[in-house]
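One file, coords.cif, is given below (mmCIF, N, CA and C atoms).
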```cif
data_final
#
loop_
_atom_site.label_atom_id
_atom_site.label_comp_id
_atom_site.auth_asym_id
_atom_site.auth_seq_id
_atom_site.Cartn_x
_atom_site.Cartn_y
_atom_site.Cartn_z
N MET A 1 82.82 -61.03 1.98
CA MET A 1 81.39 -60.87 1.72
C MET A 1 81.06 -61.54 0.38
N HIS A 2 79.88 -62.12 0.33
CA HIS A 2 79.38 -62.74 -0.89
C HIS A 2 78.35 -61.82 -1.52
N ARG A 3 78.41 -61.66 -2.80
CA ARG A 3 77.45 -60.84 -3.52
C ARG A 3 76.08 -61.50 -3.42
N TYR A 4 75.06 -60.71 -3.01
CA TYR A 4 73.69 -61.22 -2.94
C TYR A 4 73.14 -61.30 -4.35
N ASN A 5 72.56 -62.43 -4.71
CA ASN A 5 72.12 -62.67 -6.08
C ASN A 5 70.98 -61.75 -6.52
N ASN A 6 70.12 -61.33 -5.61
CA ASN A 6 69.04 -60.37 -5.90
C ASN A 6 68.19 -60.80 -7.09
N GLU A 7 67.56 -61.95 -6.95
CA GLU A 7 66.73 -62.51 -8.02
C GLU A 7 65.61 -61.57 -8.47
N SER A 8 65.06 -60.78 -7.55
CA SER A 8 63.96 -59.88 -7.90
C SER A 8 64.45 -58.62 -8.60
N GLY A 9 65.72 -58.28 -8.40
CA GLY A 9 66.26 -57.06 -8.98
C GLY A 9 65.90 -55.81 -8.20
N GLU A 10 65.22 -55.96 -7.07
CA GLU A 10 64.74 -54.81 -6.31
C GLU A 10 65.18 -54.82 -4.85
N SER A 11 66.09 -55.70 -4.48
CA SER A 11 66.48 -55.84 -3.08
C SER A 11 67.37 -54.69 -2.62
N GLY A 12 67.25 -54.37 -1.34
CA GLY A 12 68.14 -53.42 -0.72
C GLY A 12 69.41 -54.06 -0.22
N VAL A 13 69.49 -55.39 -0.29
CA VAL A 13 70.67 -56.13 0.15
C VAL A 13 71.62 -56.29 -1.04
N VAL A 14 72.93 -56.02 -0.82
CA VAL A 14 73.90 -56.21 -1.89
C VAL A 14 74.90 -57.32 -1.59
N ALA A 15 75.15 -57.61 -0.29
CA ALA A 15 76.12 -58.65 0.06
C ALA A 15 75.82 -59.21 1.44
N TYR A 16 76.40 -60.38 1.71
CA TYR A 16 76.21 -61.02 3.01
C TYR A 16 77.43 -61.85 3.34
N ASP A 17 77.59 -62.13 4.61
CA ASP A 17 78.66 -63.01 5.08
C ASP A 17 78.08 -63.85 6.21
N ILE A 18 78.16 -65.15 6.08
CA ILE A 18 77.60 -66.07 7.07
C ILE A 18 78.68 -66.49 8.05
N GLY A 19 78.40 -66.27 9.34
CA GLY A 19 79.29 -66.70 10.40
C GLY A 19 78.72 -67.93 11.09
N ARG A 20 79.40 -68.39 12.12
CA ARG A 20 78.97 -69.60 12.83
C ARG A 20 77.59 -69.42 13.48
N ASP A 21 77.38 -68.30 14.12
CA ASP A 21 76.09 -68.02 14.76
C ASP A 21 75.60 -66.62 14.41
N SER A 22 75.93 -66.20 13.18
CA SER A 22 75.60 -64.83 12.78
C SER A 22 75.54 -64.70 11.26
N ILE A 23 75.05 -63.55 10.85
CA ILE A 23 75.09 -63.17 9.44
C ILE A 23 75.30 -61.66 9.39
N THR A 24 76.18 -61.23 8.52
CA THR A 24 76.41 -59.81 8.29
C THR A 24 75.77 -59.47 6.96
N ILE A 25 75.02 -58.38 6.95
CA ILE A 25 74.32 -57.95 5.75
C ILE A 25 74.81 -56.56 5.36
N GLU A 26 75.13 -56.39 4.08
CA GLU A 26 75.45 -55.06 3.54
C GLU A 26 74.28 -54.61 2.68
N PHE A 27 73.80 -53.41 2.97
CA PHE A 27 72.67 -52.85 2.23
C PHE A 27 73.16 -51.91 1.13
N ALA A 28 72.28 -51.57 0.22
CA ALA A 28 72.62 -50.77 -0.96
C ALA A 28 73.30 -49.45 -0.60
N GLY A 29 72.95 -48.84 0.49
CA GLY A 29 73.57 -47.58 0.88
C GLY A 29 74.96 -47.72 1.46
N GLY A 30 75.44 -48.96 1.62
CA GLY A 30 76.77 -49.21 2.15
C GLY A 30 76.79 -49.57 3.62
N ASP A 31 75.66 -49.43 4.31
CA ASP A 31 75.62 -49.80 5.73
C ASP A 31 75.69 -51.32 5.89
N ARG A 32 76.47 -51.74 6.89
CA ARG A 32 76.60 -53.16 7.19
C ARG A 32 76.15 -53.41 8.62
N TYR A 33 75.37 -54.47 8.80
CA TYR A 33 74.84 -54.82 10.12
C TYR A 33 75.15 -56.28 10.42
N LEU A 34 75.48 -56.53 11.68
CA LEU A 34 75.72 -57.87 12.18
C LEU A 34 74.48 -58.33 12.94
N TYR A 35 73.92 -59.45 12.52
CA TYR A 35 72.78 -60.07 13.20
C TYR A 35 73.28 -61.38 13.79
N THR A 36 72.96 -61.63 15.05
CA THR A 36 73.44 -62.84 15.71
C THR A 36 72.26 -63.66 16.24
N ASP A 37 72.57 -64.92 16.60
CA ASP A 37 71.54 -65.76 17.23
C ASP A 37 70.97 -65.04 18.45
N ARG A 38 71.84 -64.38 19.18
CA ARG A 38 71.41 -63.71 20.41
C ARG A 38 70.54 -62.48 20.13
N SER A 39 70.87 -61.71 19.11
CA SER A 39 70.12 -60.47 18.85
C SER A 39 68.81 -60.72 18.10
N ALA A 40 68.83 -61.64 17.15
CA ALA A 40 67.65 -61.84 16.29
C ALA A 40 66.99 -63.20 16.48
N GLY A 41 67.65 -64.10 17.20
CA GLY A 41 67.11 -65.45 17.40
C GLY A 41 67.69 -66.43 16.41
N ALA A 42 68.05 -67.60 16.89
CA ALA A 42 68.69 -68.61 16.06
C ALA A 42 67.82 -69.03 14.87
N GLU A 43 66.53 -69.16 15.09
CA GLU A 43 65.63 -69.55 14.00
C GLU A 43 65.61 -68.50 12.90
N ASN A 44 65.59 -67.23 13.28
CA ASN A 44 65.60 -66.15 12.30
C ASN A 44 66.93 -66.10 11.54
N ILE A 45 68.03 -66.32 12.23
CA ILE A 45 69.33 -66.34 11.57
C ILE A 45 69.38 -67.47 10.55
N ALA A 46 68.84 -68.63 10.90
CA ALA A 46 68.80 -69.76 9.97
C ALA A 46 67.99 -69.40 8.72
N ILE A 47 66.87 -68.75 8.90
CA ILE A 47 66.05 -68.32 7.76
C ILE A 47 66.81 -67.30 6.92
N MET A 48 67.47 -66.34 7.57
CA MET A 48 68.22 -65.32 6.85
C MET A 48 69.35 -65.94 6.03
N ARG A 49 70.02 -66.94 6.59
CA ARG A 49 71.09 -67.64 5.86
C ARG A 49 70.53 -68.29 4.59
N GLU A 50 69.41 -68.97 4.75
CA GLU A 50 68.80 -69.65 3.61
C GLU A 50 68.37 -68.66 2.53
N LEU A 51 67.74 -67.56 2.95
CA LEU A 51 67.31 -66.54 1.99
C LEU A 51 68.51 -65.89 1.30
N ALA A 52 69.58 -65.66 2.05
CA ALA A 52 70.79 -65.07 1.46
C ALA A 52 71.35 -65.98 0.38
N GLU A 53 71.43 -67.26 0.67
CA GLU A 53 71.97 -68.21 -0.30
C GLU A 53 71.05 -68.39 -1.50
N ASP A 54 69.74 -68.26 -1.27
CA ASP A 54 68.77 -68.37 -2.37
C ASP A 54 68.72 -67.11 -3.24
N GLY A 55 69.17 -65.98 -2.68
CA GLY A 55 69.18 -64.73 -3.44
C GLY A 55 67.81 -64.10 -3.62
N ARG A 56 66.89 -64.41 -2.71
CA ARG A 56 65.54 -63.88 -2.85
C ARG A 56 64.85 -63.79 -1.49
N GLY A 57 64.28 -62.62 -1.18
CA GLY A 57 63.44 -62.47 0.00
C GLY A 57 64.12 -61.98 1.26
N LEU A 58 65.42 -61.79 1.24
CA LEU A 58 66.13 -61.43 2.45
C LEU A 58 65.77 -60.04 2.95
N SER A 59 65.77 -59.06 2.10
CA SER A 59 65.44 -57.69 2.51
C SER A 59 64.02 -57.61 3.07
N THR A 60 63.09 -58.28 2.42
CA THR A 60 61.70 -58.30 2.89
C THR A 60 61.60 -58.96 4.25
N PHE A 61 62.28 -60.09 4.43
CA PHE A 61 62.25 -60.78 5.72
C PHE A 61 62.80 -59.89 6.82
N ILE A 62 63.91 -59.22 6.55
CA ILE A 62 64.50 -58.33 7.55
C ILE A 62 63.53 -57.21 7.91
N SER A 63 62.94 -56.57 6.91
CA SER A 63 62.05 -55.44 7.20
C SER A 63 60.75 -55.86 7.88
N GLN A 64 60.27 -57.06 7.61
CA GLN A 64 59.01 -57.51 8.19
C GLN A 64 59.17 -58.22 9.54
N HIS A 65 60.29 -58.90 9.76
CA HIS A 65 60.42 -59.73 10.96
C HIS A 65 61.56 -59.36 11.89
N ILE A 66 62.64 -58.84 11.36
CA ILE A 66 63.83 -58.59 12.16
C ILE A 66 63.91 -57.13 12.61
N ARG A 67 63.63 -56.23 11.71
CA ARG A 67 63.67 -54.78 11.95
C ARG A 67 64.99 -54.35 12.56
N GLN A 68 65.00 -53.86 13.76
CA GLN A 68 66.19 -53.31 14.40
C GLN A 68 66.91 -54.31 15.32
N ARG A 69 66.68 -55.59 15.15
CA ARG A 69 67.25 -56.59 16.06
C ARG A 69 68.66 -57.03 15.64
N TYR A 70 69.48 -56.08 15.26
CA TYR A 70 70.86 -56.38 14.92
C TYR A 70 71.72 -56.26 16.17
N ALA A 71 72.85 -56.94 16.17
CA ALA A 71 73.78 -56.88 17.31
C ALA A 71 74.54 -55.56 17.30
N ARG A 72 74.95 -55.15 16.09
CA ARG A 72 75.62 -53.86 15.97
C ARG A 72 75.74 -53.44 14.51
N LYS A 73 75.87 -52.15 14.31
CA LYS A 73 76.15 -51.58 13.00
C LYS A 73 77.65 -51.56 12.84
N LEU A 74 78.16 -52.02 11.71
CA LEU A 74 79.59 -52.19 11.53
C LEU A 74 80.29 -50.99 10.91
N ASN A 75 79.58 -50.03 10.40
CA ASN A 75 80.24 -48.84 9.84
C ASN A 75 79.45 -47.60 10.10
#
```
Once you've parsed the file, please lay out its structure as structure tokens.
Amino acid sequence: MHRYNNESGESGVVAYDIGRDSITIEFAGGDRYLYTDRSAGAENIAIMRELAEDGRGLSTFISQHIRQRYARKLN
């Protein structure tokens, strides 16, 4: 997992891991979720990857556009 840069200082995201067709997100409470092209859509996964690498806007994007469209909860 890569530490999320959290440019705003207020994100609920703490880490991420980019896969070939997926992204895993770890939130501040320790919950980890796997989002895939199939569960959230390839375009959304591409946006999430970009936001993760930029360190800004990922938590907001998930809460506004992705919501519960994860493939599975990992813990």
Which residue out of A:Leu58, A:Glu50, A:Phe27, A:Ser22 has the minimum interatomic distance to Ala71 of chain A when only C-alpha atoms are used?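 Among A:Leu58, A:Glu50, A:Phe27, A:Ser22, it is A:Ser22 that comes nearest to Ala71 of chain A.
One distance worth recording is that between atom N of Glu26 of chain A and atom C of Val13 of chain A, which is 6.2 Å.
Going from atom C of Glu7 of chain A over to atom CA of Arg38 of chain A, you cover 29.5 Å.
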Could you give me, as a tab-separated table (two decimals) with N, CA and C atoms, keeping the file's coordinate frame, the residues within 12 Å of Tyr4 of chain A, counting only C-alpha atoms and dropping anything in the same chain fewer than 4 positions from it?
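Final output, out-v3.tsv:
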```tsv
chain	number	residue	atom	x	y	z
A	8	SER	N	65.06	-60.78	-7.55
A	8	SER	CA	63.96	-59.88	-7.90
A	8	SER	C	64.45	-58.62	-8.60
A	9	GLY	N	65.72	-58.28	-8.40
A	9	GLY	CA	66.26	-57.06	-8.98
A	9	GLY	C	65.90	-55.81	-8.20
A	10	GLU	N	65.22	-55.96	-7.07
A	10	GLU	CA	64.74	-54.81	-6.31
A	10	GLU	C	65.18	-54.82	-4.85
A	11	SER	N	66.09	-55.70	-4.48
A	11	SER	CA	66.48	-55.84	-3.08
A	11	SER	C	67.37	-54.69	-2.62
A	12	GLY	N	67.25	-54.37	-1.34
A	12	GLY	CA	68.14	-53.42	-0.72
A	12	GLY	C	69.41	-54.06	-0.22
A	13	VAL	N	69.49	-55.39	-0.29
A	13	VAL	CA	70.67	-56.13	0.15
A	13	VAL	C	71.62	-56.29	-1.04
A	14	VAL	N	72.93	-56.02	-0.82
A	14	VAL	CA	73.90	-56.21	-1.89
A	14	VAL	C	74.90	-57.32	-1.59
A	15	ALA	N	75.15	-57.61	-0.29
A	15	ALA	CA	76.12	-58.65	0.06
A	15	ALA	C	75.82	-59.21	1.44
A	16	TYR	N	76.40	-60.38	1.71
A	16	TYR	CA	76.21	-61.02	3.01
A	16	TYR	C	77.43	-61.85	3.34
A	17	ASP	N	77.59	-62.13	4.61
A	17	ASP	CA	78.66	-63.01	5.08
A	17	ASP	C	78.08	-63.85	6.21
A	18	ILE	N	78.16	-65.15	6.08
A	18	ILE	CA	77.60	-66.07	7.07
A	18	ILE	C	78.68	-66.49	8.05
A	24	THR	N	76.18	-61.23	8.52
A	24	THR	CA	76.41	-59.81	8.29
A	24	THR	C	75.77	-59.47	6.96
A	25	ILE	N	75.02	-58.38	6.95
A	25	ILE	CA	74.32	-57.95	5.75
A	25	ILE	C	74.81	-56.56	5.36
A	26	GLU	N	75.13	-56.39	4.08
A	26	GLU	CA	75.45	-55.06	3.54
A	26	GLU	C	74.28	-54.61	2.68
A	27	PHE	N	73.80	-53.41	2.97
A	27	PHE	CA	72.67	-52.85	2.23
A	27	PHE	C	73.16	-51.91	1.13
A	28	ALA	N	72.28	-51.57	0.22
A	28	ALA	CA	72.62	-50.77	-0.96
A	28	ALA	C	73.30	-49.45	-0.60
A	48	MET	N	67.47	-66.34	7.57
A	48	MET	CA	68.22	-65.32	6.85
A	48	MET	C	69.35	-65.94	6.03
A	49	ARG	N	70.02	-66.94	6.59
A	49	ARG	CA	71.09	-67.64	5.86
A	49	ARG	C	70.53	-68.29	4.59
A	50	GLU	N	69.41	-68.97	4.75
A	50	GLU	CA	68.80	-69.65	3.61
A	50	GLU	C	68.37	-68.66	2.53
A	51	LEU	N	67.74	-67.56	2.95
A	51	LEU	CA	67.31	-66.54	1.99
A	51	LEU	C	68.51	-65.89	1.30
A	52	ALA	N	69.58	-65.66	2.05
A	52	ALA	CA	70.79	-65.07	1.46
A	52	ALA	C	71.35	-65.98	0.38
A	53	GLU	N	71.43	-67.26	0.67
A	53	GLU	CA	71.97	-68.21	-0.30
A	53	GLU	C	71.05	-68.39	-1.50
A	54	ASP	N	69.74	-68.26	-1.27
A	54	ASP	CA	68.77	-68.37	-2.37
A	54	ASP	C	68.72	-67.11	-3.24
A	55	GLY	N	69.17	-65.98	-2.68
A	55	GLY	CA	69.18	-64.73	-3.44
A	55	GLY	C	67.81	-64.10	-3.62
A	56	ARG	N	66.89	-64.41	-2.71
A	56	ARG	CA	65.54	-63.88	-2.85
A	56	ARG	C	64.85	-63.79	-1.49
A	57	GLY	N	64.28	-62.62	-1.18
A	57	GLY	CA	63.44	-62.47	0.00
A	57	GLY	C	64.12	-61.98	1.26
A	58	LEU	N	65.42	-61.79	1.24
A	58	LEU	CA	66.13	-61.43	2.45
A	58	LEU	C	65.77	-60.04	2.95
A	59	SER	N	65.77	-59.06	2.10
A	59	SER	CA	65.44	-57.69	2.51
A	59	SER	C	64.02	-57.61	3.07
```
Taking 6 positions as the minimum chain separation for residues in the same chain, which residues sit within 10 Å of Ile66 of chain A when counting only C-alpha atoms? Answer as number ranges by chain. A: 35, 39-41, 44-45, 48, 59-60
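Atom N of Arg3 of chain A sits 17.4 Å away from atom N of Ile62 of chain A.
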Mind the document's chain letters and residue numbers, and return as a PDB file with N, CA and C atoms, in the frame of the given file the residues of chain A that DSSP labels strand (DSSP E).
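Saved the output as states-v7.pdb:
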```pdb
ATOM      1  N   HIS A   2      79.880 -62.120   0.330  1.00  0.00           N
ATOM      2  CA  HIS A   2      79.380 -62.740  -0.890  1.00  0.00           C
ATOM      3  C   HIS A   2      78.350 -61.820  -1.520  1.00  0.00           C
ATOM      4  N   ARG A   3      78.410 -61.660  -2.800  1.00  0.00           N
ATOM      5  CA  ARG A   3      77.450 -60.840  -3.520  1.00  0.00           C
ATOM      6  C   ARG A   3      76.080 -61.500  -3.420  1.00  0.00           C
ATOM      7  N   VAL A  13      69.490 -55.390  -0.290  1.00  0.00           N
ATOM      8  CA  VAL A  13      70.670 -56.130   0.150  1.00  0.00           C
ATOM      9  C   VAL A  13      71.620 -56.290  -1.040  1.00  0.00           C
ATOM     10  N   VAL A  14      72.930 -56.020  -0.820  1.00  0.00           N
ATOM     11  CA  VAL A  14      73.900 -56.210  -1.890  1.00  0.00           C
ATOM     12  C   VAL A  14      74.900 -57.320  -1.590  1.00  0.00           C
ATOM     13  N   ALA A  15      75.150 -57.610  -0.290  1.00  0.00           N
ATOM     14  CA  ALA A  15      76.120 -58.650   0.060  1.00  0.00           C
ATOM     15  C   ALA A  15      75.820 -59.210   1.440  1.00  0.00           C
ATOM     16  N   TYR A  16      76.400 -60.380   1.710  1.00  0.00           N
ATOM     17  CA  TYR A  16      76.210 -61.020   3.010  1.00  0.00           C
ATOM     18  C   TYR A  16      77.430 -61.850   3.340  1.00  0.00           C
ATOM     19  N   ASP A  17      77.590 -62.130   4.610  1.00  0.00           N
ATOM     20  CA  ASP A  17      78.660 -63.010   5.080  1.00  0.00           C
ATOM     21  C   ASP A  17      78.080 -63.850   6.210  1.00  0.00           C
ATOM     22  N   ILE A  18      78.160 -65.150   6.080  1.00  0.00           N
ATOM     23  CA  ILE A  18      77.600 -66.070   7.070  1.00  0.00           C
ATOM     24  C   ILE A  18      78.680 -66.490   8.050  1.00  0.00           C
ATOM     25  N   SER A  22      75.930 -66.200  13.180  1.00  0.00           N
ATOM     26  CA  SER A  22      75.600 -64.830  12.780  1.00  0.00           C
ATOM     27  C   SER A  22      75.540 -64.700  11.260  1.00  0.00           C
ATOM     28  N   ILE A  23      75.050 -63.550  10.850  1.00  0.00           N
ATOM     29  CA  ILE A  23      75.090 -63.170   9.440  1.00  0.00           C
ATOM     30  C   ILE A  23      75.300 -61.660   9.390  1.00  0.00           C
ATOM     31  N   THR A  24      76.180 -61.230   8.520  1.00  0.00           N
ATOM     32  CA  THR A  24      76.410 -59.810   8.290  1.00  0.00           C
ATOM     33  C   THR A  24      75.770 -59.470   6.960  1.00  0.00           C
ATOM     34  N   ILE A  25      75.020 -58.380   6.950  1.00  0.00           N
ATOM     35  CA  ILE A  25      74.320 -57.950   5.750  1.00  0.00           C
ATOM     36  C   ILE A  25      74.810 -56.560   5.360  1.00  0.00           C
ATOM     37  N   GLU A  26      75.130 -56.390   4.080  1.00  0.00           N
ATOM     38  CA  GLU A  26      75.450 -55.060   3.540  1.00  0.00           C
ATOM     39  C   GLU A  26      74.280 -54.610   2.680  1.00  0.00           C
ATOM     40  N   PHE A  27      73.800 -53.410   2.970  1.00  0.00           N
ATOM     41  CA  PHE A  27      72.670 -52.850   2.230  1.00  0.00           C
ATOM     42  C   PHE A  27      73.160 -51.910   1.130  1.00  0.00           C
ATOM     43  N   ARG A  32      76.470 -51.740   6.890  1.00  0.00           N
ATOM     44  CA  ARG A  32      76.600 -53.160   7.190  1.00  0.00           C
ATOM     45  C   ARG A  32      76.150 -53.410   8.620  1.00  0.00           C
ATOM     46  N   TYR A  33      75.370 -54.470   8.800  1.00  0.00           N
ATOM     47  CA  TYR A  33      74.840 -54.820  10.120  1.00  0.00           C
ATOM     48  C   TYR A  33      75.150 -56.280  10.420  1.00  0.00           C
ATOM     49  N   LEU A  34      75.480 -56.530  11.680  1.00  0.00           N
ATOM     50  CA  LEU A  34      75.720 -57.870  12.180  1.00  0.00           C
ATOM     51  C   LEU A  34      74.480 -58.330  12.940  1.00  0.00           C
ATOM     52  N   TYR A  35      73.920 -59.450  12.520  1.00  0.00           N
ATOM     53  CA  TYR A  35      72.780 -60.070  13.200  1.00  0.00           C
ATOM     54  C   TYR A  35      73.280 -61.380  13.790  1.00  0.00           C
ATOM     55  N   THR A  36      72.960 -61.630  15.050  1.00  0.00           N
ATOM     56  CA  THR A  36      73.440 -62.840  15.710  1.00  0.00           C
ATOM     57  C   THR A  36      72.260 -63.660  16.240  1.00  0.00           C
ATOM     58  N   ARG A  72      74.950 -55.150  16.090  1.00  0.00           N
ATOM     59  CA  ARG A  72      75.620 -53.860  15.970  1.00  0.00           C
ATOM     60  C   ARG A  72      75.740 -53.440  14.510  1.00  0.00           C
ATOM     61  N   LYS A  73      75.870 -52.150  14.310  1.00  0.00           N
ATOM     62  CA  LYS A  73      76.150 -51.580  13.000  1.00  0.00           C
ATOM     63  C   LYS A  73      77.650 -51.560  12.840  1.00  0.00           C
TER      64      LYS A  73
END
```
Output as a PyMOL selection string all residues of chain A that backbone DSSP marks as alpha helix (DSSP H). chain A and resi 37-40+42-54+58-61
